[in-house]
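What follows is data-v1.cif (mmCIF, C-alpha atoms).
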data_upload
#
loop_
_atom_site.label_atom_id
_atom_site.label_comp_id
_atom_site.auth_asym_id
_atom_site.auth_seq_id
_atom_site.Cartn_x
_atom_site.Cartn_y
_atom_site.Cartn_z
CA MET A 250 80.58 22.30 91.06
CA LYS A 251 83.10 24.81 89.67
CA LYS A 252 86.38 23.28 88.64
CA LYS A 253 89.70 24.80 89.71
CA GLN A 254 91.52 26.59 86.94
CA GLN A 255 94.47 24.66 85.55
CA HIS A 256 97.68 26.28 84.47
CA PRO A 257 99.49 25.07 81.35
CA GLY A 258 102.00 22.98 83.29
CA GLY A 259 99.28 21.09 85.04
CA GLY A 260 97.91 21.31 88.53
CA ALA A 261 95.99 24.06 90.30
CA ASP A 262 96.59 27.71 89.50
CA PRO A 263 98.97 29.06 92.16
CA TRP A 264 97.59 32.62 91.74
CA PRO A 265 93.83 32.32 91.47
CA HIS A 266 93.39 36.09 92.03
CA GLY A 267 95.72 37.18 89.28
CA THR A 268 99.36 37.17 88.36
CA PRO A 269 101.64 39.04 90.78
CA LEU A 270 103.13 42.38 89.79
CA GLY A 271 105.98 41.90 87.32
CA GLY A 272 104.88 38.44 86.14
CA ALA A 273 105.56 34.97 87.40
CA PRO A 274 108.94 34.11 88.80
CA PRO A 275 111.35 31.96 86.75
CA GLY A 276 110.61 28.28 86.46
CA LEU A 277 106.94 28.63 85.75
CA GLY A 278 107.22 27.92 82.10
CA SER A 279 105.07 29.84 79.69
CA TRP A 280 103.88 32.38 82.36
CA LYS A 281 107.24 34.15 82.09
CA ARG A 282 106.92 34.33 78.33
CA ARG A 283 103.21 35.22 78.35
CA VAL A 284 103.31 37.99 81.03
CA PRO A 285 106.44 40.17 80.47
CA LEU A 286 107.93 42.47 83.13
CA LEU A 287 106.34 45.94 83.38
CA PRO A 288 108.22 48.57 81.37
CA PHE A 289 109.19 50.72 84.40
CA LEU A 290 110.96 47.77 86.01
CA ARG A 291 113.25 47.30 83.04
CA PHE A 292 116.66 48.84 83.88
CA SER A 293 119.35 49.73 81.44
CA LEU A 294 122.94 50.52 82.41
CA ARG A 295 122.22 54.25 82.04
CA ASP A 296 119.19 54.01 84.35
CA TYR A 297 121.24 52.15 86.88
CA GLY A 298 123.96 54.84 86.81
CA PHE A 299 121.38 57.58 87.27
CA CYS A 300 119.93 55.86 90.33
CA MET A 301 123.35 55.41 91.87
CA ALA A 302 124.23 59.07 91.24
CA THR A 303 120.99 60.17 92.89
CA LEU A 304 121.71 57.97 95.87
CA LEU A 305 125.22 59.42 96.12
CA VAL A 306 123.90 62.99 96.11
CA PHE A 307 121.37 62.08 98.79
CA CYS A 308 124.08 60.54 100.96
CA LEU A 309 126.35 63.56 100.57
CA GLY A 310 123.46 65.85 101.43
CA SER A 311 122.70 63.83 104.53
CA LEU A 312 126.35 63.97 105.54
CA PHE A 313 126.41 67.73 105.06
CA TYR A 314 123.24 67.97 107.14
CA GLN A 315 124.87 66.06 109.98
CA LEU A 316 128.11 68.06 109.90
CA SER A 317 126.52 71.51 109.75
CA GLY A 318 123.78 70.85 112.24
CA GLY A 319 121.01 71.48 109.75
CA PRO A 320 120.00 71.23 106.10
CA PRO A 321 121.77 73.30 103.43
CA ARG A 322 120.44 76.82 103.06
CA PHE A 323 119.46 76.32 99.44
CA LEU A 324 117.20 73.40 100.43
CA LEU A 325 115.41 75.58 102.97
CA ASP A 326 114.99 78.34 100.40
CA LEU A 327 113.68 75.81 97.90
CA ARG A 328 111.18 74.42 100.37
CA GLN A 329 110.06 77.90 101.30
CA TYR A 330 109.61 78.70 97.62
CA LEU A 331 107.70 75.50 96.93
CA GLY A 332 105.44 75.77 99.93
CA ASN A 333 105.51 78.32 102.73
CA SER A 334 103.21 76.27 104.91
CA THR A 335 105.52 73.26 104.85
CA TYR A 336 108.54 75.46 105.60
CA LEU A 337 106.80 77.21 108.48
CA ASP A 338 105.49 73.94 109.89
CA ASP A 339 108.94 72.38 109.94
CA HIS A 340 111.11 75.35 110.91
CA GLY A 341 108.86 78.14 112.18
CA PRO A 342 108.91 81.69 110.78
CA PRO A 343 112.25 82.93 109.42
CA PRO A 344 114.14 85.05 111.96
CA SER A 345 113.20 88.72 111.78
CA LYS A 346 115.78 91.43 111.16
CA VAL A 347 117.26 92.66 114.41
CA LEU A 348 116.60 96.40 114.54
CA PRO A 349 118.35 98.91 116.74
CA PHE A 350 116.36 100.83 119.29
CA PRO A 351 115.04 103.23 118.36
CA SER A 352 114.59 102.19 114.73
CA GLN A 353 112.42 105.22 113.81
CA VAL A 354 113.95 108.68 114.23
CA VAL A 355 112.64 112.03 112.97
CA TYR A 356 114.77 115.16 112.74
CA ASN A 357 112.24 117.93 112.01
CA ARG A 358 115.01 120.43 111.57
CA VAL A 359 114.58 124.12 112.35
CA GLY A 360 115.71 126.47 109.58
CA LYS A 361 119.00 128.34 110.00
CA CYS A 362 120.03 126.22 112.97
CA GLY A 363 122.91 124.30 111.41
CA SER A 364 120.64 121.72 109.82
CA ARG A 365 122.45 121.74 106.48
CA THR A 366 125.70 120.73 108.18
CA VAL A 367 123.95 118.00 110.18
CA VAL A 368 122.22 116.61 107.07
CA LEU A 369 125.55 116.41 105.24
CA LEU A 370 126.96 114.51 108.20
CA LEU A 371 123.96 112.18 108.10
CA ARG A 372 124.59 111.40 104.43
CA ILE A 373 128.10 110.24 105.29
CA LEU A 374 126.89 108.31 108.34
CA SER A 375 124.05 106.55 106.48
CA GLU A 376 126.53 105.08 104.01
CA LYS A 377 128.89 104.11 106.81
CA HIS A 378 126.33 102.51 109.16
CA GLY A 379 123.68 101.33 106.69
CA PHE A 380 120.58 103.06 108.04
CA ASN A 381 117.91 104.48 105.78
CA LEU A 382 118.20 108.27 105.49
CA VAL A 383 114.84 109.58 104.25
CA THR A 384 114.87 113.19 103.05
CA SER A 385 112.33 115.43 101.35
CA ASP A 386 112.46 117.82 98.43
CA ILE A 387 109.92 120.07 100.18
CA HIS A 388 111.73 122.73 102.18
CA ASN A 389 109.33 125.59 102.79
CA LYS A 390 106.08 123.88 103.83
CA THR A 391 106.14 123.39 107.57
CA ARG A 392 102.39 123.75 108.23
CA LEU A 393 100.28 120.88 106.93
CA THR A 394 96.58 120.21 106.55
CA LYS A 395 95.10 117.15 108.21
CA ASN A 396 95.22 115.16 104.95
CA GLU A 397 98.80 116.24 104.33
CA GLN A 398 99.75 115.12 107.83
CA MET A 399 98.15 111.72 107.27
CA GLU A 400 99.87 111.26 103.93
CA LEU A 401 103.30 112.26 105.23
CA ILE A 402 102.99 110.07 108.34
CA LYS A 403 101.97 107.12 106.13
CA ASN A 404 104.97 107.63 103.86
CA ILE A 405 107.36 107.91 106.79
CA SER A 406 105.93 104.90 108.64
CA THR A 407 106.31 102.62 105.62
CA ALA A 408 109.99 103.46 105.11
CA GLU A 409 112.47 100.64 105.58
CA GLN A 410 113.75 100.52 109.14
CA PRO A 411 115.97 101.61 110.71
CA TYR A 412 115.31 105.02 109.22
CA LEU A 413 116.01 108.64 110.02
CA PHE A 414 113.60 111.07 108.40
CA THR A 415 114.52 114.73 108.09
CA ARG A 416 112.60 117.73 106.83
CA HIS A 417 111.71 121.30 107.78
CA VAL A 418 108.29 120.58 109.30
CA HIS A 419 106.47 121.37 112.51
CA PHE A 420 106.04 118.56 115.02
CA LEU A 421 103.79 115.69 113.84
CA ASN A 422 101.78 113.53 116.25
CA PHE A 423 101.99 110.05 114.69
CA SER A 424 99.85 108.42 117.37
CA ARG A 425 96.97 110.74 116.53
CA PHE A 426 96.69 108.97 113.16
CA GLY A 427 97.30 105.45 114.45
CA GLY A 428 101.02 105.32 113.74
CA ASP A 429 103.95 104.39 115.96
CA GLN A 430 105.39 107.53 117.48
CA PRO A 431 109.06 107.88 116.44
CA VAL A 432 111.85 109.37 118.49
CA TYR A 433 112.42 113.05 117.69
CA ILE A 434 115.67 115.00 117.72
CA ASN A 435 116.32 118.64 116.86
CA ILE A 436 118.83 121.47 117.15
CA ILE A 437 117.99 125.10 117.89
CA ARG A 438 120.02 128.23 118.46
CA ASP A 439 119.86 131.61 120.10
CA PRO A 440 116.80 133.23 118.43
CA VAL A 441 118.66 136.48 117.76
CA ASN A 442 121.53 134.57 116.17
CA ARG A 443 119.02 132.67 114.05
CA PHE A 444 117.50 135.97 112.91
CA LEU A 445 120.93 137.32 111.99
CA SER A 446 121.78 134.19 110.04
CA ASN A 447 118.51 134.37 108.15
CA TYR A 448 119.01 138.10 107.48
CA PHE A 449 122.22 137.48 105.56
CA PHE A 450 121.05 134.21 104.02
CA ARG A 451 118.12 135.94 102.33
CA ARG A 452 120.53 138.40 100.77
CA PHE A 453 123.63 136.43 99.92
CA GLY A 454 122.84 132.72 100.15
CA ASP A 455 125.08 130.35 102.08
CA TRP A 456 128.54 128.85 101.97
CA ARG A 457 127.70 126.72 98.92
CA GLY A 458 128.33 129.72 96.70
CA GLU A 459 125.08 129.25 94.83
CA GLN A 460 123.12 132.25 93.65
CA ASN A 461 120.06 131.01 95.49
CA HIS A 462 119.53 134.42 97.09
CA MET A 463 118.42 135.66 93.67
CA ILE A 464 115.79 132.92 93.62
CA ARG A 465 114.67 133.46 97.20
CA THR A 466 114.42 137.25 96.98
CA PRO A 467 114.26 138.15 93.28
CA SER A 468 112.35 141.40 93.90
CA MET A 469 114.73 142.73 96.56
CA ARG A 470 116.27 146.04 95.54
CA GLN A 471 120.02 146.37 95.57
CA GLU A 472 120.01 149.03 98.28
CA GLU A 473 117.90 146.76 100.44
CA ARG A 474 120.06 143.73 99.71
CA TYR A 475 123.19 145.54 100.88
CA LEU A 476 121.49 147.30 103.78
CA ASP A 477 123.71 147.25 106.85
CA ILE A 478 122.03 145.35 109.66
CA ASN A 479 122.84 148.08 112.19
CA GLU A 480 121.01 150.59 110.05
CA CYS A 481 118.14 148.15 109.61
CA ILE A 482 117.76 147.98 113.40
CA LEU A 483 118.26 151.70 114.02
CA GLU A 484 115.87 152.78 111.28
CA ASN A 485 113.29 150.30 112.51
CA TYR A 486 112.80 148.51 109.18
CA PRO A 487 109.93 146.00 109.32
CA GLU A 488 112.32 143.09 108.82
CA CYS A 489 114.31 144.12 111.89
CA SER A 490 111.50 145.47 114.08
CA ASN A 491 109.54 142.20 113.93
CA PRO A 492 112.22 139.52 113.47
CA ARG A 493 109.95 136.47 113.97
CA LEU A 494 111.78 135.27 117.05
CA PHE A 495 108.78 133.02 117.77
CA TYR A 496 109.67 131.04 114.62
CA ILE A 497 111.23 128.13 116.55
CA ILE A 498 108.29 127.33 118.86
CA PRO A 499 105.91 125.67 116.31
CA TYR A 500 108.59 123.08 115.47
CA PHE A 501 107.94 121.68 118.93
CA CYS A 502 104.34 122.79 119.52
CA GLY A 503 102.94 121.06 116.44
CA GLN A 504 100.34 121.55 113.73
CA HIS A 505 97.55 123.03 115.89
CA PRO A 506 96.55 126.54 114.66
CA ARG A 507 97.26 127.99 118.11
CA CYS A 508 100.86 126.82 117.79
CA ARG A 509 101.41 129.67 115.34
CA GLU A 510 100.13 132.29 117.75
CA PRO A 511 102.85 133.66 120.05
CA GLY A 512 101.75 133.12 123.60
CA GLU A 513 101.82 130.95 126.70
CA TRP A 514 99.66 128.17 125.25
CA ALA A 515 102.01 127.43 122.35
CA LEU A 516 105.07 127.59 124.60
CA GLU A 517 103.60 125.17 127.15
CA ARG A 518 102.49 122.79 124.41
CA ALA A 519 105.99 122.88 122.95
CA LYS A 520 107.57 122.12 126.33
CA LEU A 521 105.20 119.19 126.83
CA ASN A 522 106.07 117.69 123.45
CA VAL A 523 109.77 118.10 124.11
CA ASN A 524 109.46 116.20 127.39
CA GLU A 525 107.36 113.40 125.91
CA ASN A 526 108.66 112.93 122.36
CA PHE A 527 112.16 114.38 121.93
CA LEU A 528 115.22 112.38 122.88
CA LEU A 529 117.44 115.42 122.49
CA VAL A 530 117.12 119.11 121.63
CA GLY A 531 120.60 120.50 121.13
CA ILE A 532 122.00 124.02 121.02
CA LEU A 533 123.90 125.01 117.88
CA GLU A 534 126.31 127.17 119.85
CA GLU A 535 127.43 123.91 121.54
CA LEU A 536 127.34 121.71 118.44
CA GLU A 537 130.32 119.51 119.32
CA ASP A 538 128.72 118.60 122.64
CA VAL A 539 125.44 117.90 120.84
CA LEU A 540 127.16 115.57 118.36
CA LEU A 541 128.86 113.75 121.22
CA LEU A 542 125.51 113.19 122.95
CA LEU A 543 123.93 111.98 119.72
CA GLU A 544 126.78 109.52 119.33
CA ARG A 545 126.11 108.21 122.85
CA PHE A 546 122.31 108.10 122.62
CA LEU A 547 121.95 106.89 119.00
CA PRO A 548 125.15 104.99 118.17
CA HIS A 549 123.59 103.09 115.27
CA TYR A 550 123.06 106.42 113.51
CA PHE A 551 125.74 108.76 114.87
CA LYS A 552 128.72 106.60 115.84
CA GLY A 553 131.87 108.47 114.81
CA VAL A 554 130.05 111.70 113.92
CA LEU A 555 132.27 113.94 116.02
CA SER A 556 135.47 112.66 114.43
CA ILE A 557 133.97 113.15 110.97
CA TYR A 558 132.89 116.68 111.87
CA LYS A 559 136.37 117.57 113.18
CA ASP A 560 138.21 115.86 110.32
CA PRO A 561 140.01 118.57 108.26
CA ASP A 562 139.40 116.55 105.10
CA GLN A 563 135.63 116.90 105.65
CA GLN A 564 135.56 120.66 106.19
CA GLU A 565 134.65 121.34 102.57
CA VAL A 566 131.85 118.80 102.76
CA CYS A 567 130.61 119.73 106.24
CA PRO A 568 131.75 123.28 107.04
CA PRO A 569 131.01 124.61 110.53
CA PRO A 570 127.63 126.35 110.64
CA GLY A 571 127.50 130.12 110.86
CA PHE A 572 127.93 133.15 108.68
CA LYS A 573 130.89 135.45 108.06
CA ALA A 574 129.00 138.71 107.81
CA SER A 575 129.40 141.41 110.41
CA ARG A 576 127.21 141.26 113.51
CA PRO A 577 125.26 144.22 114.87
CA HIS A 578 126.53 146.12 117.84
CA SER A 579 125.55 144.46 121.11
CA GLN A 580 123.48 147.45 122.23
CA LEU A 581 121.46 147.17 119.03
CA GLN A 582 120.43 143.58 119.81
CA SER A 583 118.29 144.63 122.79
CA PRO A 584 115.24 145.53 120.61
CA GLN A 585 115.28 141.99 119.18
CA ARG A 586 115.70 140.36 122.59
CA SER A 587 112.79 142.40 123.94
CA TRP A 588 110.55 140.22 121.79
CA LEU A 589 111.60 137.24 123.93
CA ALA A 590 110.56 138.83 127.20
CA PRO A 591 107.28 137.51 128.66
CA GLY A 592 104.34 139.84 128.86
#
Target encoding structure tokens, full file:
Amino acid sequence: MKKKQQHPGGGADPWPHGTPLGGAPPGLGSWKRRVPLLPFLRFSLRDYGFCMATLLVFCLGSLFYQLSGGPPRFLLDLRQYLGNSTYLDDHGPPPSKVLPFPSQVVYNRVGKCGSRTVVLLLRILSEKHGFNLVTSDIHNKTRLTKNEQMELIKNISTAEQPYLFTRHVHFLNFSRFGGDQPVYINIIRDPVNRFLSNYFFRRFGDWRGEQNHMIRTPSMRQEERYLDINECILENYPECSNPRLFYIIPYFCGQHPRCREPGEWALERAKLNVNENFLLVGILEELEDVLLLLERFLPHYFKGVLSIYKDPDQQEVCPPPGFKASRPHSQLQSPQRSWLAPG
């Protein structure tokens, strides 16, 4: 028969399955000397102070939690950094940025219809209201191939919202390529007035005073550059006998090849797109009314635009659109307007 194990002080071993954690309690003689306390249970004064400081921080954090109705922001950020799953499980997804509606706007501006003035206003407004103004360095490529359309739509769609994209480009159908269709805006003008503006712009540039007319028309002879517009019309010069009054329609018709062919099909397609995709198509001759409507319809983008436009201190930055050259006699405008007549 197996004998019970005796401890040095006599009697049965009180811990037959091993000494408890940390050694025997005091009063058990040599067990205290033979089995010392584990090292991590030995506390110095410095260790004790550290534990108390940690406890104090925890208590203050808990108090802050109770007073503010939630944990400190830096703790949430830390938990999100250390483990997104834990953060999402405890608090749900972080709140998304509240975007205005609409948050995607495209201004596919028509050339020589006051777009430079409007873009300058948009630069001021984007800094004031904090929306993302997306512009393009491409000014003269309005017709795009299918791949170019896809690439441009992809670049626009990935811009930070809310954004307003602006460029001289014919209407783009985002939904055709799987994108979210943005809200369109545009400004047009009397086609004859647009032709007159372009006539002088090609020769003398614009109000900026740059010599860009030399870049645009470097081969134009001096006598042609200074040709009076009345003479151009009377003498039936090609530039004045076929003034491209149809130029505006493709900006609303789109990228289909038939949109570039003057006719009923392109006009009807343009009208359909205006009804379905354009929030506003303004008239340059009524620009102040257009700006007022934009301010009402799109306040996140255009709030205060009319006061900025009318501010005398902004006239050098945003001069009123138009040109100062002489206009043709009214009776000489009838050949141009005949191009607008149906038939």
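With all atoms listed in the file as the atoms that count, the minimum distance from A:Ile387 to the choices A:Thr415, A:Thr407, A:Ser364, A:Ser375 is reached by A:Thr415.
Atom pair atom CA of A:Pro548 / atom CA of A:Asn526 has a distance of 18.8 Å (rounded to one decimal).
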Report task. Considering all atoms listed in the file, state which residue in the set A:Leu542, A:Ile405, A:Gly379, A:Glu537 is at the smallest distance from A:Ser556. Result -> A:Glu537
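Our summary of the geometry notes that atom CA of A:Asp386 is positioned 18.8 Å from atom CA of A:Asn435.
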Requested in this report: Write out as number ranges by chain each polymer residue whose atoms come within 10 Å of stretch 497-504 of chain A, counting all atoms listed in the file; drop sequence neighbours fewer than 5 positions from it.
Outcome: A: 357-360, 362, 391-395, 398, 417-422, 433, 435, 437-440, 443, 509-512, 514-523, 526-527, 530
Query raised in the report: For A:Gly363, which residue out of A:Glu544, A:Glu409, A:Glu534, A:Asp560 is the nearest one, using only C-alpha atoms?
Result: A:Glu534
Report task. Report as a ChimeraX atom specification the full result of the PyMOL selection byres ((chain A and resi 370) around 9) when it is applied to this structure. Result -> /A:365-369,371-375,551,554,557-558,566-567
Report task. Quote the spacing between atom CA of A:Asn485 and atom CA of A:Phe449 in Å to one decimal place. Result -> 17.1 Å
Can you tell me, as lines of an AutoDock Vina configuration file, the centre and edge lengths (Å, one decimal) of the axis-aligned box enclosing all of stretch 300-308 of chain A's listed atoms after padding each side by 8 Å?
center_x = 122.6
center_y = 59.2
center_z = 95.6
size_x = 21.3
size_y = 23.6
size_z = 26.6
Could you tell me which residues the PyMOL selection byres ((chain A and resi 426) around 12) grabs in this file, written as a PDB file with C-alpha atoms, keeping the file's coordinate frame?
ATOM      1  CA  LYS A 395      95.100 117.150 108.210  1.00  0.00           C
ATOM      2  CA  ASN A 396      95.220 115.160 104.950  1.00  0.00           C
ATOM      3  CA  GLU A 397      98.800 116.240 104.330  1.00  0.00           C
ATOM      4  CA  GLN A 398      99.750 115.120 107.830  1.00  0.00           C
ATOM      5  CA  MET A 399      98.150 111.720 107.270  1.00  0.00           C
ATOM      6  CA  GLU A 400      99.870 111.260 103.930  1.00  0.00           C
ATOM      7  CA  LEU A 401     103.300 112.260 105.230  1.00  0.00           C
ATOM      8  CA  ILE A 402     102.990 110.070 108.340  1.00  0.00           C
ATOM      9  CA  LYS A 403     101.970 107.120 106.130  1.00  0.00           C
ATOM     10  CA  SER A 406     105.930 104.900 108.640  1.00  0.00           C
ATOM     11  CA  LEU A 421     103.790 115.690 113.840  1.00  0.00           C
ATOM     12  CA  ASN A 422     101.780 113.530 116.250  1.00  0.00           C
ATOM     13  CA  PHE A 423     101.990 110.050 114.690  1.00  0.00           C
ATOM     14  CA  SER A 424      99.850 108.420 117.370  1.00  0.00           C
ATOM     15  CA  ARG A 425      96.970 110.740 116.530  1.00  0.00           C
ATOM     16  CA  GLY A 427      97.300 105.450 114.450  1.00  0.00           C
ATOM     17  CA  GLY A 428     101.020 105.320 113.740  1.00  0.00           C
ATOM     18  CA  ASP A 429     103.950 104.390 115.960  1.00  0.00           C
ATOM     19  CA  GLN A 430     105.390 107.530 117.480  1.00  0.00           C
TER      20      GLN A 430
END
Report summary line: Restricting to all atoms listed in the file, whichever of A:Ser293, A:Lys390, A:Glu376, A:Ile436 is closest to A:Ile532 is A:Ile436
**Report entry** Residue nearest A:Tyr412 - candidates A:Arg451, A:Arg507, A:His549, A:His388, atoms counted: only C-alpha atoms
**Finding:** A:His549
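Distance check against A:Lys559 using all atoms listed in the file: of A:Leu547, A:Ala302, A:Leu536, A:Cys308, the minimum falls on A:Leu536.
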